[in-house]
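To be precise, the following lines are target_30.cif, and they hold mmCIF, C-alpha atoms; chains and numbers go by the auth columns.
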```cif
data_query
#
loop_
_atom_site.group_PDB
_atom_site.id
_atom_site.type_symbol
_atom_site.label_atom_id
_atom_site.label_comp_id
_atom_site.label_asym_id
_atom_site.label_seq_id
_atom_site.Cartn_x
_atom_site.Cartn_y
_atom_site.Cartn_z
_atom_site.B_iso_or_equiv
_atom_site.auth_seq_id
_atom_site.auth_asym_id
ATOM 1 C CA MET A 1 116.581 67.131 155.033 0.00 15 A
ATOM 2 C CA GLU A 2 113.762 67.916 152.621 0.00 16 A
ATOM 3 C CA GLU A 3 113.477 71.564 151.546 0.00 17 A
ATOM 4 C CA ARG A 4 110.206 73.162 152.715 0.00 18 A
ATOM 5 C CA LYS A 5 108.004 74.689 150.003 0.00 19 A
ATOM 6 C CA TYR A 6 105.222 76.439 151.871 0.00 20 A
ATOM 7 C CA LEU A 7 104.111 79.868 150.667 0.00 21 A
ATOM 8 C CA ARG A 8 105.339 82.910 152.542 0.00 22 A
ATOM 9 C CA GLY A 9 105.026 85.820 150.173 0.00 23 A
ATOM 10 C CA PHE A 10 102.922 87.697 147.626 0.00 24 A
ATOM 11 C CA SER A 11 104.366 89.704 144.737 0.00 25 A
ATOM 12 C CA ASN A 12 104.395 90.368 141.008 0.00 26 A
ATOM 13 C CA PHE A 13 100.729 91.336 140.846 0.00 27 A
ATOM 14 C CA GLY A 14 99.862 92.278 137.286 0.00 28 A
ATOM 15 C CA MET A 15 97.059 92.579 134.749 0.00 29 A
ATOM 16 C CA LEU A 16 96.621 91.942 131.045 0.00 30 A
ATOM 17 C CA PRO A 17 93.654 93.008 128.903 0.00 31 A
ATOM 18 C CA VAL A 18 91.470 90.197 127.582 0.00 32 A
ATOM 19 C CA THR A 19 90.749 90.897 123.913 0.00 33 A
ATOM 20 C CA GLN A 20 88.641 87.804 123.196 0.00 34 A
ATOM 21 C CA ASN A 21 86.674 85.595 125.557 0.00 35 A
ATOM 22 C CA ASP A 22 83.930 83.700 123.788 0.00 36 A
ATOM 23 C CA THR A 23 83.070 80.123 122.860 0.00 37 A
ATOM 24 C CA SER A 24 85.414 80.243 119.849 0.00 38 A
ATOM 25 C CA GLY A 25 88.538 81.261 121.802 0.00 39 A
ATOM 26 C CA TYR A 26 90.402 83.235 124.434 0.00 40 A
ATOM 27 C CA VAL A 27 93.101 85.846 123.723 0.00 41 A
ATOM 28 C CA VAL A 28 95.074 88.142 126.026 0.00 42 A
ATOM 29 C CA ASP A 29 97.142 91.120 124.821 0.00 43 A
ATOM 30 C CA ASP A 30 100.574 90.171 126.242 0.00 44 A
ATOM 31 C CA ASP A 31 102.056 93.442 124.996 0.00 45 A
ATOM 32 C CA LYS A 32 99.892 95.415 127.428 0.00 46 A
ATOM 33 C CA TYR A 33 100.943 93.706 130.666 0.00 47 A
ATOM 34 C CA VAL A 34 100.649 96.151 133.584 0.00 48 A
ATOM 35 C CA SER A 35 102.694 95.488 136.707 0.00 49 A
ATOM 36 C CA VAL A 36 101.049 96.830 139.864 0.00 50 A
ATOM 37 C CA PRO A 37 103.752 97.510 142.475 0.00 51 A
ATOM 38 C CA GLY A 38 103.294 97.384 146.221 0.00 52 A
ATOM 39 C CA GLY A 39 101.209 94.233 146.488 0.00 53 A
ATOM 40 C CA GLN A 40 100.570 93.357 150.133 0.00 54 A
ATOM 41 C CA SER A 41 98.003 90.594 150.140 0.00 55 A
ATOM 42 C CA CYS A 42 95.595 88.589 148.063 0.00 56 A
ATOM 43 C CA SER A 43 92.716 86.547 149.440 0.00 57 A
ATOM 44 C CA LYS A 44 90.303 84.389 147.494 0.00 58 A
ATOM 45 C CA THR A 45 86.846 82.986 147.984 0.00 59 A
ATOM 46 C CA ASP A 46 85.660 80.282 145.609 0.00 60 A
ATOM 47 C CA ASN A 47 81.916 80.565 145.012 0.00 61 A
ATOM 48 C CA LYS A 48 80.442 77.107 144.492 0.00 62 A
ATOM 49 C CA THR A 49 76.874 75.862 144.479 0.00 63 A
ATOM 50 C CA GLU A 50 76.377 72.436 145.969 0.00 64 A
ATOM 51 C CA TYR A 51 73.761 70.104 144.571 0.00 65 A
ATOM 52 C CA SER A 52 72.223 66.796 145.556 0.00 66 A
ATOM 53 C CA ILE A 53 70.021 64.694 143.283 0.00 67 A
ATOM 54 C CA PRO A 54 67.767 62.227 145.083 0.00 68 A
ATOM 55 C CA ALA A 55 66.657 59.052 143.306 0.00 69 A
ATOM 56 C CA ASN A 56 65.712 55.495 144.329 0.00 70 A
ATOM 57 C CA ASP A 57 65.248 56.585 147.961 0.00 71 A
ATOM 58 C CA GLU A 58 68.882 57.734 148.266 0.00 72 A
ATOM 59 C CA VAL A 59 71.249 60.375 146.963 0.00 73 A
ATOM 60 C CA TRP A 60 71.837 59.416 143.344 0.00 74 A
ATOM 61 C CA ASP A 61 74.510 62.078 142.736 0.00 75 A
ATOM 62 C CA SER A 62 75.943 65.096 144.522 0.00 76 A
ATOM 63 C CA GLY A 63 78.709 67.602 144.053 0.00 77 A
ATOM 64 C CA SER A 64 79.329 71.259 143.479 0.00 78 A
ATOM 65 C CA GLU A 65 79.560 73.625 140.531 0.00 79 A
ATOM 66 C CA TRP A 66 82.203 76.340 140.554 0.00 80 A
ATOM 67 C CA GLU A 67 80.583 79.607 139.516 0.00 81 A
ATOM 68 C CA SER A 68 83.241 82.239 140.204 0.00 82 A
ATOM 69 C CA THR A 69 86.034 83.321 142.511 0.00 83 A
ATOM 70 C CA ASP A 70 86.259 86.579 144.432 0.00 84 A
ATOM 71 C CA LEU A 71 89.776 88.009 144.786 0.00 85 A
ATOM 72 C CA ASP A 72 90.610 90.838 147.165 0.00 86 A
ATOM 73 C CA VAL A 73 94.005 92.341 146.353 0.00 87 A
ATOM 74 C CA ALA A 74 95.550 94.946 148.665 0.00 88 A
ATOM 75 C CA VAL A 75 98.277 97.236 147.326 0.00 89 A
ATOM 76 C CA VAL A 76 100.221 99.922 149.163 0.00 90 A
ATOM 77 C CA GLU A 77 99.797 102.444 146.377 0.00 91 A
ATOM 78 C CA THR A 78 98.334 102.760 142.923 0.00 92 A
ATOM 79 C CA GLU A 79 98.789 105.240 140.109 0.00 93 A
ATOM 80 C CA LEU A 80 95.664 106.963 138.787 0.00 94 A
ATOM 81 C CA ALA A 81 96.435 105.549 135.324 0.00 95 A
ATOM 82 C CA THR A 82 96.352 102.020 136.777 0.00 96 A
ATOM 83 C CA MET A 83 93.078 102.764 138.553 0.00 97 A
ATOM 84 C CA ALA A 84 91.634 104.036 135.279 0.00 98 A
ATOM 85 C CA ASP A 85 92.644 100.777 133.562 0.00 99 A
ATOM 86 C CA VAL A 86 91.149 98.635 136.345 0.00 100 A
ATOM 87 C CA LEU A 87 87.919 100.623 136.643 0.00 101 A
ATOM 88 C CA GLY A 88 87.363 101.234 132.929 0.00 102 A
ATOM 89 C CA VAL A 89 87.283 105.015 133.252 0.00 103 A
ATOM 90 C CA GLU A 90 89.111 107.796 131.479 0.00 104 A
ATOM 91 C CA LEU A 91 91.999 109.714 132.984 0.00 105 A
ATOM 92 C CA SER A 92 91.826 113.242 131.616 0.00 106 A
ATOM 93 C CA GLU A 93 94.834 114.979 130.066 0.00 107 A
ATOM 94 C CA ASP A 94 95.164 117.093 133.212 0.00 108 A
ATOM 95 C CA GLY A 95 95.327 113.960 135.400 0.00 109 A
ATOM 96 C CA VAL A 96 91.785 113.846 136.792 0.00 110 A
ATOM 97 C CA LEU A 97 90.100 110.493 137.341 0.00 111 A
ATOM 98 C CA GLU A 98 86.332 110.791 137.422 0.00 112 A
ATOM 99 C CA GLU A 99 84.108 107.848 138.297 0.00 113 A
ATOM 100 C CA GLY A 100 80.436 107.634 137.444 0.00 114 A
ATOM 101 C CA VAL A 101 77.369 105.422 137.378 0.00 115 A
ATOM 102 C CA PHE A 102 77.983 104.206 133.818 0.00 116 A
ATOM 103 C CA ASP A 103 81.580 103.021 134.331 0.00 117 A
ATOM 104 C CA ASP A 104 82.165 99.563 132.867 0.00 118 A
ATOM 105 C CA PRO A 105 85.298 97.792 134.067 0.00 119 A
ATOM 106 C CA PRO A 106 87.107 95.820 131.369 0.00 120 A
ATOM 107 C CA GLU A 107 87.695 92.102 131.476 0.00 121 A
ATOM 108 C CA MET A 108 91.307 91.331 132.300 0.00 122 A
ATOM 109 C CA ALA A 109 93.573 88.467 133.256 0.00 123 A
ATOM 110 C CA LEU A 110 95.143 88.755 136.723 0.00 124 A
ATOM 111 C CA THR A 111 98.511 87.252 137.595 0.00 125 A
ATOM 112 C CA PHE A 112 100.724 87.111 140.674 0.00 126 A
ATOM 113 C CA SER A 113 103.248 84.975 142.470 0.00 127 A
ATOM 114 C CA GLY A 114 103.661 83.542 145.938 0.00 128 A
ATOM 115 C CA LEU A 115 107.214 83.189 147.268 0.00 129 A
ATOM 116 C CA ARG A 116 107.927 79.706 148.558 0.00 130 A
ATOM 117 C CA LYS A 117 110.171 78.926 151.546 0.00 131 A
ATOM 118 C CA ASP A 118 112.715 77.249 149.225 0.00 132 A
ATOM 119 C CA GLY A 119 113.132 80.466 147.174 0.00 133 A
ATOM 120 C CA GLY A 120 111.019 79.287 144.252 0.00 134 A
ATOM 121 C CA TYR A 121 107.634 80.701 143.332 0.00 135 A
ATOM 122 C CA ARG A 122 104.094 79.465 142.887 0.00 136 A
ATOM 123 C CA LEU A 123 102.603 81.374 139.966 0.00 137 A
ATOM 124 C CA PHE A 124 98.891 82.119 139.569 0.00 138 A
ATOM 125 C CA ARG A 125 96.700 83.142 136.619 0.00 139 A
ATOM 126 C CA TYR A 126 93.042 84.134 136.736 0.00 140 A
ATOM 127 C CA TYR A 127 91.731 84.201 133.185 0.00 141 A
ATOM 128 C CA ALA A 128 88.721 86.529 133.263 0.00 142 A
ATOM 129 C CA ALA A 129 88.278 89.128 136.010 0.00 143 A
ATOM 130 C CA LYS A 130 86.437 92.395 136.474 0.00 144 A
ATOM 131 C CA CYS A 131 86.908 94.882 139.283 0.00 145 A
ATOM 132 C CA THR A 132 83.607 95.185 141.137 0.00 146 A
ATOM 133 C CA GLU A 133 84.764 97.853 143.632 0.00 147 A
ATOM 134 C CA TYR A 134 87.712 99.117 145.613 0.00 148 A
ATOM 135 C CA ASP A 135 88.260 100.322 149.167 0.00 149 A
ATOM 136 C CA VAL A 136 90.630 102.835 150.701 0.00 150 A
ATOM 137 C CA SER A 137 90.458 104.295 154.213 0.00 151 A
ATOM 138 C CA HIS A 138 92.038 107.584 155.161 0.00 152 A
ATOM 139 C CA ALA A 139 93.485 108.641 158.513 0.00 153 A
ATOM 140 C CA THR A 140 95.627 111.586 159.513 0.00 154 A
ATOM 141 C CA LYS A 141 99.352 111.069 159.758 0.00 155 A
ATOM 142 C CA GLY A 142 99.200 111.546 163.533 0.00 156 A
ATOM 143 C CA GLN A 143 96.689 108.700 163.854 0.00 157 A
ATOM 144 C CA SER A 144 98.726 106.121 161.998 0.00 158 A
ATOM 145 C CA THR A 145 102.074 105.555 160.329 0.00 159 A
ATOM 146 C CA ASP A 146 100.680 102.767 158.153 0.00 160 A
ATOM 147 C CA ALA A 147 100.149 103.190 154.421 0.00 161 A
ATOM 148 C CA GLN A 148 96.562 103.726 153.355 0.00 162 A
ATOM 149 C CA ASN A 149 96.089 100.645 151.210 0.00 163 A
ATOM 150 C CA TYR A 150 93.836 100.227 148.235 0.00 164 A
ATOM 151 C CA THR A 151 91.958 96.940 148.173 0.00 165 A
ATOM 152 C CA PHE A 152 90.585 95.960 144.782 0.00 166 A
ATOM 153 C CA HIS A 153 87.723 93.462 144.693 0.00 167 A
ATOM 154 C CA PHE A 154 87.619 91.296 141.577 0.00 168 A
ATOM 155 C CA LYS A 155 85.014 88.820 140.340 0.00 169 A
ATOM 156 C CA CYS A 156 86.800 86.066 138.400 0.00 170 A
ATOM 157 C CA THR A 157 84.692 83.960 136.050 0.00 171 A
ATOM 158 C CA PRO A 158 85.432 80.993 133.767 0.00 172 A
ATOM 159 C CA ARG A 159 86.800 81.381 130.258 0.00 173 A
ATOM 160 C CA LYS A 160 83.913 80.875 127.874 0.00 174 A
ATOM 161 C CA SER A 161 85.892 78.578 125.576 0.00 175 A
ATOM 162 C CA ASP A 162 86.728 75.870 128.141 0.00 176 A
ATOM 163 C CA GLY A 163 85.334 76.787 131.578 0.00 177 A
ATOM 164 C CA LYS A 164 88.764 77.283 133.218 0.00 178 A
ATOM 165 C CA ILE A 165 88.949 79.928 135.967 0.00 179 A
ATOM 166 C CA ARG A 166 92.573 79.784 137.130 0.00 180 A
ATOM 167 C CA ALA A 167 95.903 78.053 136.618 0.00 181 A
ATOM 168 C CA THR A 168 98.796 77.479 139.027 0.00 182 A
ATOM 169 C CA LYS A 169 102.419 76.580 138.309 0.00 183 A
ATOM 170 C CA ASP A 170 105.537 76.091 140.470 0.00 184 A
ATOM 171 C CA VAL A 171 108.932 77.353 139.319 0.00 185 A
ATOM 172 C CA ALA A 172 112.294 76.782 140.954 0.00 186 A
ATOM 173 C CA LYS A 173 114.507 79.442 142.520 0.00 187 A
ATOM 174 C CA GLY A 174 116.195 81.425 139.761 0.00 188 A
ATOM 175 C CA ASP A 175 113.729 80.441 137.014 0.00 189 A
ATOM 176 C CA ASN A 176 112.063 83.278 135.115 0.00 190 A
ATOM 177 C CA LEU A 177 108.484 84.266 135.857 0.00 191 A
ATOM 178 C CA ASN A 178 107.402 84.879 132.236 0.00 192 A
ATOM 179 C CA TRP A 179 104.530 82.397 132.599 0.00 193 A
ATOM 180 C CA ILE A 180 102.511 85.076 134.410 0.00 194 A
ATOM 181 C CA LYS A 181 103.203 87.647 131.670 0.00 195 A
ATOM 182 C CA LYS A 182 102.757 85.618 128.464 0.00 196 A
ATOM 183 C CA PHE A 183 99.582 83.718 127.657 0.00 197 A
ATOM 184 C CA THR A 184 98.901 81.270 124.845 0.00 198 A
ATOM 185 C CA ALA A 185 95.658 81.861 123.001 0.00 199 A
ATOM 186 C CA THR A 186 93.169 79.008 123.228 0.00 200 A
ATOM 187 C CA PRO A 187 90.972 77.893 120.331 0.00 201 A
#
```

Structure translated into structure tokens:
Amino acid sequence: MEERKYLRGFSNFGMLPVTQNDTSGYVVDDDKYVSVPGGQSCSKTDNKTEYSIPANDEVWDSGSEWESTDLDVAVVETELATMADVLGVELSEDGVLEEGVFDDPPEMALTFSGLRKDGGYRLFRYYAAKCTEYDVSHATKGQSTDAQNYTFHFKCTPRKSDGKIRATKDVAKGDNLNWIKKFTATP
């Protein structure tokens, strides 16, 4: 019987700073990979604009152009240092995270894996993402025993050097997952 390979998990959510993203190349700082524990879910929305070009009394050409992808990633917990990295804000020496109107989130690569039924993984890379906002809801302990998740909202855009937004790769059970932690620079 054929082994089933459908996705049934989400884990290994991580981020890497993008140090170059322009028409001459794309570089990620692999040495600064940040693993974000407690990933619960990740949902995506591809933002595409459809077009239709009429000519000769019919549709001459039609299609769609991929503009960006929105990713919503829910995590059970997050350290303030990780939030500072994601939001592009400073964490003071005494551990205070202050957000303000002039905060500028950095561009980063996002990576994660989806567990397959056969024990392997489907690995995902998003090349250029910025956190646009985050959500967290609070309730008293007596109201709920659930964790109060953080949901980070990311806008993922194409690399400027080649227009690629994401990459996906399957690996077998037992194979390493380094592909989501090590990027090759592109010219």

Expand the PyMOL selection byres ((chain A and resi 30) around 7) into the explicit residue set it covers here, and present it as a PDB file with C-alpha atoms, in the coordinates of the input.
```
ATOM      1  CA  MET A  29      97.059  92.579 134.749  1.00  0.00           C
ATOM      2  CA  PRO A  31      93.654  93.008 128.903  1.00  0.00           C
ATOM      3  CA  VAL A  32      91.470  90.197 127.582  1.00  0.00           C
ATOM      4  CA  VAL A  42      95.074  88.142 126.026  1.00  0.00           C
ATOM      5  CA  ASP A  43      97.142  91.120 124.821  1.00  0.00           C
ATOM      6  CA  ASP A  44     100.574  90.171 126.242  1.00  0.00           C
ATOM      7  CA  LYS A  46      99.892  95.415 127.428  1.00  0.00           C
ATOM      8  CA  TYR A  47     100.943  93.706 130.666  1.00  0.00           C
ATOM      9  CA  VAL A  48     100.649  96.151 133.584  1.00  0.00           C
ATOM     10  CA  MET A 122      91.307  91.331 132.300  1.00  0.00           C
ATOM     11  CA  ALA A 123      93.573  88.467 133.256  1.00  0.00           C
ATOM     12  CA  LEU A 124      95.143  88.755 136.723  1.00  0.00           C
TER      13      LEU A 124
END
```

Q | Neighbour list for range 126-129 of chain A as a list in words, cut-off 8 Å, all atoms listed in the file, skip fewer than 6 positions in-chain | A |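 Once the adjacent positions are removed, what remains is Leu21, Arg22, Gly23, Phe24, Ser25, Asn26, Phe27, Gly28, Tyr135, Arg136, Leu137, Phe138, Arg139 and Ile194 of chain A.
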
Could you give me, as a Markdown table, every range 171-199 of chain A residue with an atom at most 9 Å from range 78-90 of chain A, plus its closest atom pair and distance in Å to one decimal, counting all atoms listed in the file, rows ordered by chain then number?
```
| residue | atom | partner | partner_atom | distance |
| --- | --- | --- | --- | --- |
| A:Thr171 | CA | A:Ser82 | CA | 4.7 |
| A:Pro172 | CA | A:Ser82 | CA | 6.9 |
| A:Ile179 | CA | A:Ser82 | CA | 7.5 |
```

Q: Between A:Gly134, A:Gly53, A:Gly156, A:Pro120, single out the one closest to Val185 in chain A, counting all atoms listed in the file.
A: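 Smallest distance to Val185 in chain A is found for A:Gly134.
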
(Q) What's the separation between CA of Thr92 in chain A and CA of Asn163 in chain A, in Å to one decimal place? (A)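 CA of Asn163 in chain A lies 8.8 Å from CA of Thr92 in chain A.
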
**Q.** Nearest candidate to Lys195 in chain A (options A:Asp45, A:Glu16, A:Asp176, A:Asp117; using only C-alpha atoms)
**A.** A:Asp45

For the point (82.4, 78.7, 124.1) in the file's frame, write as a PDB file with C-alpha atoms, in the coordinates of the input all residues with an atom no more than 9 Å away, counting all atoms listed in the file.
```pdb
ATOM      1  CA  ASN A  35      86.674  85.595 125.557  1.00  0.00           C
ATOM      2  CA  ASP A  36      83.930  83.700 123.788  1.00  0.00           C
ATOM      3  CA  THR A  37      83.070  80.123 122.860  1.00  0.00           C
ATOM      4  CA  SER A  38      85.414  80.243 119.849  1.00  0.00           C
ATOM      5  CA  GLY A  39      88.538  81.261 121.802  1.00  0.00           C
ATOM      6  CA  ARG A 173      86.800  81.381 130.258  1.00  0.00           C
ATOM      7  CA  LYS A 174      83.913  80.875 127.874  1.00  0.00           C
ATOM      8  CA  SER A 175      85.892  78.578 125.576  1.00  0.00           C
ATOM      9  CA  ASP A 176      86.728  75.870 128.141  1.00  0.00           C
ATOM     10  CA  GLY A 177      85.334  76.787 131.578  1.00  0.00           C
TER      11      GLY A 177
END
```

**Q.** Polymer residues at most 12 Å from Glu17 in chain A, all atoms listed in the file, same-chain spacing of 3 or more positions, as a PyMOL selection string
**A.** chain A and resi 20+130-134+186

Q) Which residue out of A:Asp60, A:Tyr40, A:Thr125, A:Asp75 has the minimum interatomic distance to Asn192 in chain A when only C-alpha atoms are used? A)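 Checking each of A:Asp60, A:Tyr40, A:Thr125, A:Asp75 against Asn192 in chain A, counting only C-alpha atoms, the winner is A:Thr125.
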
For Gly114 in chain A, please output as an mmCIF file with C-alpha atoms, in the frame of the given file all residues within 12 Å (counting only C-alpha atoms; exclusion window: fewer than 2 positions along the same chain).
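Result written to around-v7.cif:
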```cif
data_model
loop_
_atom_site.group_PDB
_atom_site.id
_atom_site.type_symbol
_atom_site.label_atom_id
_atom_site.label_comp_id
_atom_site.auth_asym_id
_atom_site.auth_seq_id
_atom_site.Cartn_x
_atom_site.Cartn_y
_atom_site.Cartn_z
ATOM 1 C CA ALA A 98 91.634 104.036 135.279
ATOM 2 C CA LEU A 101 87.919 100.623 136.643
ATOM 3 C CA GLY A 102 87.363 101.234 132.929
ATOM 4 C CA VAL A 103 87.283 105.015 133.252
ATOM 5 C CA GLU A 104 89.111 107.796 131.479
ATOM 6 C CA LEU A 111 90.100 110.493 137.341
ATOM 7 C CA GLU A 112 86.332 110.791 137.422
ATOM 8 C CA PHE A 116 77.983 104.206 133.818
ATOM 9 C CA ASP A 117 81.580 103.021 134.331
ATOM 10 C CA ASP A 118 82.165 99.563 132.867
ATOM 11 C CA PRO A 119 85.298 97.792 134.067
#
```

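Distance-wise, CA of Tyr140 in chain A and CA of Thr165 in chain A end up 17.2 Å apart.
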
Q | Shell of 12 Å around Leu105 in chain A, all atoms listed in the file, local chain residues under 6 positions omitted, as JSON, numbers by chain | A | {"A": [93, 94, 95, 96, 97, 98, 99, 111, 112, 113]}

Export of the given selection (C-alpha atoms) as a JSON list (two decimals), in the coordinates of the input:
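Final output, selection.json:
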```json
[["chain", "number", "residue", "atom", "x", "y", "z"],
["A", 93, "GLU", "CA", 98.79, 105.24, 140.11],
["A", 94, "LEU", "CA", 95.66, 106.96, 138.79],
["A", 95, "ALA", "CA", 96.44, 105.55, 135.32],
["A", 96, "THR", "CA", 96.35, 102.02, 136.78],
["A", 97, "MET", "CA", 93.08, 102.76, 138.55],
["A", 98, "ALA", "CA", 91.63, 104.04, 135.28],
["A", 99, "ASP", "CA", 92.64, 100.78, 133.56],
["A", 111, "LEU", "CA", 90.10, 110.49, 137.34],
["A", 112, "GLU", "CA", 86.33, 110.79, 137.42],
["A", 113, "GLU", "CA", 84.11, 107.85, 138.30]]
```
